[in-house]
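Below is work-v6.cif, which holds mmCIF, C-alpha atoms.
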```
data_target
#
loop_
_atom_site.label_atom_id
_atom_site.label_comp_id
_atom_site.auth_asym_id
_atom_site.auth_seq_id
_atom_site.Cartn_x
_atom_site.Cartn_y
_atom_site.Cartn_z
CA MET A 25 0.00 0.00 0.00
CA ARG A 26 0.90 3.65 -0.29
CA MET A 27 0.53 6.79 1.79
CA ILE A 28 0.95 10.48 1.15
CA GLN A 29 4.49 11.59 1.92
CA LYS A 30 3.41 14.48 4.13
CA ALA A 31 0.43 16.63 5.01
CA GLY A 32 -0.36 19.64 2.88
CA SER A 33 -2.96 21.62 0.98
CA VAL A 34 -3.60 22.96 -2.51
CA GLU A 35 -6.08 25.61 -3.63
CA LEU A 36 -7.80 25.66 -7.02
CA GLU A 37 -10.16 28.27 -8.43
CA ILE A 38 -12.81 26.79 -10.70
CA ARG A 39 -15.42 29.11 -12.19
CA ARG A 40 -15.03 31.62 -9.34
CA SER A 41 -15.39 29.01 -6.56
CA ARG A 42 -12.36 28.25 -4.39
CA PHE A 43 -11.62 24.59 -3.69
CA VAL A 44 -8.98 24.04 -0.98
CA CYS A 45 -7.95 20.41 -0.53
CA THR A 46 -6.13 19.57 2.69
CA LEU A 47 -4.55 16.14 3.20
CA ALA A 48 -3.33 14.50 6.40
CA ARG A 49 -1.64 11.24 7.32
CA VAL A 50 -3.72 9.31 9.84
CA GLY A 51 -3.01 6.09 11.69
CA SER A 52 -6.59 5.01 12.40
CA GLU A 53 -10.22 5.81 11.68
CA ALA A 54 -10.42 7.71 14.98
CA GLU A 55 -7.51 9.93 13.90
CA ALA A 56 -9.17 10.54 10.54
CA VAL A 57 -12.47 11.54 12.17
CA ALA A 58 -10.69 13.82 14.66
CA PHE A 59 -8.71 15.56 11.91
CA LEU A 60 -11.75 16.12 9.70
CA SER A 61 -13.93 17.30 12.61
CA GLY A 62 -11.27 19.78 13.66
CA HIS A 63 -10.92 21.07 10.11
CA ARG A 64 -14.68 21.59 9.80
CA ARG A 65 -14.72 23.59 13.05
CA ALA A 66 -11.80 25.73 11.89
CA HIS A 67 -13.47 26.44 8.52
CA ARG A 68 -17.12 26.69 9.50
CA ASP A 69 -17.40 29.85 7.37
CA ALA A 70 -16.95 27.76 4.19
CA THR A 71 -19.87 26.79 1.98
CA HIS A 72 -18.93 23.09 2.20
CA ASN A 73 -16.29 20.92 3.86
CA CYS A 74 -16.49 17.62 1.95
CA THR A 75 -14.44 14.69 3.20
CA ALA A 76 -13.04 11.26 2.42
CA TYR A 77 -10.58 8.89 4.06
CA VAL A 78 -8.96 5.51 3.61
CA VAL A 79 -7.39 3.68 6.57
CA GLY A 80 -6.33 0.15 7.48
CA GLU A 81 -3.31 -1.96 6.57
CA HIS A 82 -4.90 -2.83 3.24
CA GLY A 83 -7.10 0.26 2.88
CA GLU A 84 -10.13 -1.72 3.94
CA ILE A 85 -11.87 1.14 5.79
CA THR A 86 -13.25 3.92 3.61
CA LYS A 87 -15.77 6.71 4.11
CA SER A 88 -16.88 9.90 2.38
CA ASN A 89 -19.26 12.78 3.02
CA ASP A 90 -20.79 15.31 0.59
CA ASP A 91 -21.50 17.90 3.32
CA GLY A 92 -24.53 19.36 1.57
CA GLU A 93 -23.38 19.08 -2.04
CA PRO A 94 -25.69 16.98 -4.28
CA ALA A 95 -25.35 13.30 -3.37
CA GLY A 96 -22.38 11.60 -4.99
CA THR A 97 -20.79 14.76 -6.42
CA ALA A 98 -18.09 15.44 -3.81
CA GLY A 99 -17.15 12.81 -1.24
CA ILE A 100 -17.30 9.84 -3.62
CA PRO A 101 -15.09 11.36 -6.36
CA MET A 102 -12.66 12.42 -3.63
CA LEU A 103 -12.58 8.89 -2.26
CA GLU A 104 -12.17 7.43 -5.75
CA VAL A 105 -8.95 9.42 -6.20
CA LEU A 106 -7.50 8.07 -2.94
CA VAL A 107 -8.48 4.49 -3.81
CA ARG A 108 -7.23 4.74 -7.39
CA ARG A 109 -3.85 5.96 -6.13
CA GLY A 110 -3.67 2.93 -3.81
CA LEU A 111 -3.47 5.12 -0.71
CA THR A 112 -4.20 4.24 2.90
CA GLY A 113 -3.71 6.15 6.14
CA THR A 114 -4.91 9.27 4.33
CA ALA A 115 -7.69 11.76 5.06
CA ALA A 116 -8.82 14.48 2.65
CA VAL A 117 -11.09 17.47 3.09
CA VAL A 118 -12.04 19.86 0.30
CA THR A 119 -13.22 23.21 1.58
CA ARG A 120 -15.34 25.06 -0.96
CA TYR A 121 -16.09 28.77 -0.97
CA PHE A 122 -18.92 29.29 -3.45
CA GLY A 123 -18.22 31.93 -6.08
CA GLY A 124 -21.71 32.43 -7.43
CA VAL A 125 -21.54 30.15 -10.47
CA LYS A 126 -23.22 26.74 -10.29
CA LEU A 127 -21.12 23.92 -11.72
CA GLY A 128 -23.75 21.22 -12.17
CA ALA A 129 -23.32 17.62 -11.06
CA GLY A 130 -20.63 16.76 -13.62
CA GLY A 131 -18.70 19.93 -12.89
CA LEU A 132 -18.73 19.24 -9.15
CA VAL A 133 -17.49 15.67 -9.63
CA ARG A 134 -14.59 16.94 -11.76
CA ALA A 135 -13.77 19.82 -9.40
CA TYR A 136 -13.64 17.75 -6.21
CA GLY A 137 -11.68 14.95 -7.87
CA GLN A 138 -9.27 17.43 -9.44
CA ALA A 139 -8.67 19.15 -6.10
CA VAL A 140 -7.68 15.89 -4.40
CA SER A 141 -5.51 14.79 -7.33
CA ALA A 142 -3.65 18.11 -7.31
CA ALA A 143 -3.06 17.89 -3.56
CA VAL A 144 -1.75 14.30 -3.76
CA ASP A 145 0.62 15.31 -6.56
CA ALA A 146 1.83 18.28 -4.49
CA VAL A 147 2.60 16.39 -1.27
CA GLY A 148 3.99 13.25 -2.89
CA VAL A 149 3.42 9.55 -2.31
CA VAL A 150 5.48 6.87 -0.56
CA GLU A 151 5.21 3.12 -0.87
CA LEU A 152 5.10 1.09 2.34
CA ARG A 153 7.43 -1.90 2.05
CA PRO A 154 7.54 -4.62 4.74
CA VAL A 155 10.91 -4.93 6.47
CA VAL A 156 12.49 -6.60 9.46
CA THR A 157 15.13 -4.65 11.38
CA VAL A 158 18.16 -6.88 11.92
CA THR A 159 20.64 -5.82 14.61
CA VAL A 160 24.15 -6.83 13.53
CA GLN A 161 26.86 -6.86 16.21
CA VAL A 162 30.56 -7.14 15.33
CA GLY A 163 33.86 -6.31 16.98
CA HIS A 164 35.64 -3.01 16.45
CA ASP A 165 38.13 -4.68 14.11
CA LEU A 166 35.32 -5.56 11.67
CA ALA A 167 33.14 -2.48 12.08
CA GLY A 168 34.58 -0.24 9.37
CA ARG A 169 34.77 -2.92 6.72
CA PHE A 170 31.32 -4.25 7.52
CA LEU A 171 29.69 -0.81 7.29
CA GLY A 172 31.47 -0.17 3.99
CA ASP A 173 30.27 -3.50 2.59
CA LEU A 174 26.79 -2.76 3.93
CA HIS A 175 26.59 0.54 2.05
CA GLY A 176 28.00 -1.10 -1.05
CA ARG A 177 25.16 -3.59 -0.93
CA GLY A 178 22.63 -0.74 -0.83
CA HIS A 179 21.59 -1.01 2.84
CA GLN A 180 21.33 2.07 5.05
CA PRO A 181 21.55 1.33 8.80
CA GLY A 182 18.96 3.16 10.85
CA ASP A 183 21.18 3.42 13.92
CA VAL A 184 24.84 2.60 14.65
CA ARG A 185 26.11 2.28 18.22
CA TYR A 186 29.59 1.71 19.65
CA GLY A 187 30.47 0.11 22.97
CA ASP A 188 32.33 -3.13 23.46
CA GLY A 189 31.87 -3.49 19.69
CA MET A 190 29.63 -2.03 17.00
CA ALA A 191 25.91 -2.66 16.66
CA ALA A 192 23.99 -1.57 13.54
CA ASP A 193 20.21 -1.71 13.05
CA VAL A 194 19.59 -2.59 9.43
CA PRO A 195 16.07 -2.52 7.87
CA VAL A 196 15.93 -5.49 5.50
CA PRO A 197 13.08 -6.17 3.04
CA LEU A 198 11.17 -9.22 4.22
CA GLU A 199 11.84 -11.21 1.06
CA ASP A 200 15.61 -10.49 1.29
CA LEU A 201 15.99 -11.59 4.92
CA PRO A 202 17.53 -15.07 4.41
CA ALA A 203 19.96 -13.77 1.76
CA PHE A 204 21.00 -10.84 3.97
CA GLU A 205 21.69 -13.05 6.98
CA ALA A 206 23.75 -15.44 4.86
CA TRP A 207 25.70 -12.52 3.39
CA ALA A 208 26.40 -10.96 6.83
CA ALA A 209 27.70 -14.28 8.11
CA GLU A 210 29.92 -14.68 5.05
CA VAL A 211 31.54 -11.22 5.04
CA THR A 212 32.31 -11.44 8.77
CA ALA A 213 33.53 -15.06 8.61
CA GLY A 214 30.73 -16.06 10.97
CA ARG A 215 31.76 -13.56 13.65
CA ALA A 216 28.64 -11.37 13.41
CA ARG A 217 25.80 -11.78 15.84
CA LEU A 218 22.42 -11.18 14.20
CA THR A 219 19.16 -10.50 16.04
CA ARG A 220 15.83 -10.09 14.26
CA GLY A 221 13.51 -7.35 15.49
CA ALA A 222 9.79 -6.88 14.98
CA PRO A 223 8.40 -6.54 11.45
CA GLY A 224 7.68 -3.02 10.26
CA HIS A 225 7.63 -0.87 7.14
CA ILE A 226 9.89 1.56 5.35
CA GLU A 227 8.69 4.40 3.17
CA VAL A 228 10.04 4.59 -0.37
CA PRO A 229 9.18 7.69 -2.44
CA VAL A 230 7.12 6.95 -5.56
CA ASN A 231 7.87 8.93 -8.71
CA PRO A 232 4.87 10.81 -10.13
#
```
Take the structure in this file and express it as structure tokens.
Amino acid sequence: MRMIQKAGSVELEIRRSRFVCTLARVGSEAEAVAFLSGHRRAHRDATHNCTAYVVGEHGEITKSNDDGEPAGTAGIPMLEVLVRRGLTGTAAVVTRYFGGVKLGAGGLVRAYGQAVSAAVDAVGVVELRPVVTVTVQVGHDLAGRFLGDLHGRGHQPGDVRYGDGMAADVPVPLEDLPAFEAWAAEVTAGRARLTRGAPGHIEVPVNP
């Protein structure tokens, strides 16, 4: 699954109406509801605050709200953008300030969808890849060479600590775990001590 890279907002003007889409990263449905409720309170002077969110490890929880716009013309097209982009952990609100020109049902669908698409493009997207953090411990005599070999293999340790020896926390893609452990044992002649941590995710930027 994917998430937005960061929170942010984008404003579009469409036929004299202002459409301001604000996006936030959320970890649960409760966080999404709290964010959207707070945004509505802060922008109660707007004509509409239409919302959509996708949460859950596989994006299984979705919801949208038209906030007074004709049914199906705001929240659903907003949600469709999030789902089409494969996003989860993302909440969107489009705040509309009416400019006096009616857009019609088709125009509203395009405007709300366009606002969310523009905001997603502006803040960027990251892919969530499953990893296991492996703590590798070696003596001082092997530390420099091991870190050099580690970088050469394309791994970036999250944390490196020195004490009696060196310990490096290395996020390893789940599918590469057996190969990484075999490699670490080989380059240290079996002198490395490896400890698997809990599974997690890393965020990899996705090109537009």
At a cut-off of 6 Å, using only C-alpha atoms, what residues contact stretch 217-227 of chain A? Leave out same-chain residues fewer than 4 positions from it and give the result as a compact mmCIF listing (two decimals) with C-alpha atoms, in the frame of the given file.
```txt
# COMPACT_ATOMS: atom_id res chain seq x y z
CA VAL A 150 5.48 6.87 -0.56
CA GLU A 151 5.21 3.12 -0.87
CA LEU A 152 5.10 1.09 2.34
CA ARG A 153 7.43 -1.90 2.05
CA PRO A 154 7.54 -4.62 4.74
CA VAL A 155 10.91 -4.93 6.47
CA VAL A 156 12.49 -6.60 9.46
CA THR A 157 15.13 -4.65 11.38
CA VAL A 158 18.16 -6.88 11.92
CA THR A 159 20.64 -5.82 14.61
CA VAL A 160 24.15 -6.83 13.53
CA GLN A 161 26.86 -6.86 16.21
```
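The gap separating atom CA of A:Gly131 from atom CA of A:Leu111 is 24.5 Å, in Å to one decimal.
Here the question is which of A:Ser88, A:Thr97, A:Ser33, A:Ser141 gets nearest to A:Thr119 using all atoms listed in the file, and that residue is A:Ser33.
Selection by the PyMOL selection byres ((chain A and resi 143) around 8) on the present file picks out Gly32, Ser33, Val34, Cys45, Thr46, Leu47, Ala139, Val140, Ser141, Ala142, Val144, Asp145, Ala146 and Val147 of chain A.
In terms of minimum interatomic distance to A:Val230, A:Gly110 ranks closest within A:Gly110, A:Gly99, A:Gly92, A:Gly83, counting only C-alpha atoms.
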- Task: Can you give me, as a list of chain:residue names, the residues this file yields under the PyMOL selection byres ((chain A and resi 179) around 12)?
- Result: A:Val155, A:Thr157, A:Val158, A:Phe170, A:Leu171, A:Gly172, A:Asp173, A:Leu174, A:His175, A:Gly176, A:Arg177, A:Gly178, A:Gln180, A:Pro181, A:Gly182, A:Asp183, A:Ala192, A:Asp193, A:Val194, A:Pro195, A:Val196, A:Pro197, A:Asp200, A:Phe204, A:Ala208
Emit as lines of an AutoDock Vina configuration file the padded axis-aligned box for all listed atoms of stretch 79-97 of chain A, 5 Å per side, with centre and edge lengths in Å to one decimal.
```
center_x = -14.5
center_y = 8.3
center_z = 0.5
size_x = 32.4
size_y = 32.2
size_z = 23.9
```
- Task: Step by step, work through what the PyMOL selection byres ((chain A and resi 59-64) around 10) selects in the shown file, and finish by giving those residues as a PyMOL selection string.
- Result: chain A and resi 46-50+53-58+65-70+72-77+115-119
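Candidate residues A:Glu104, A:Glu199, A:Asp165, A:Glu205 were compared for distance to A:Thr86, and the nearest is A:Glu104, using all atoms listed in the file.
When atom CA of A:Glu210 is paired with atom CA of A:Leu166, their separation reads 12.5 Å.
Candidate residues A:Ala191, A:Met102, A:Val228, A:Ala209 were compared for distance to A:Gln29, and the nearest is A:Val228, using only C-alpha atoms.
Of the residues listed (A:Arg120, A:Tyr136, A:Glu81, A:Leu201), A:Tyr136 shows the shortest atom-to-atom separation from A:Leu103; distances use all atoms listed in the file.
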- atom CA of A:Val79 to atom CA of A:Val105 measures 14.1 Å
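For the set A:Ala98, A:Ala206, A:Met190, A:Val78, the residue with the smallest atom-to-atom gap to A:Ala129 is A:Ala98, counting all atoms listed in the file.
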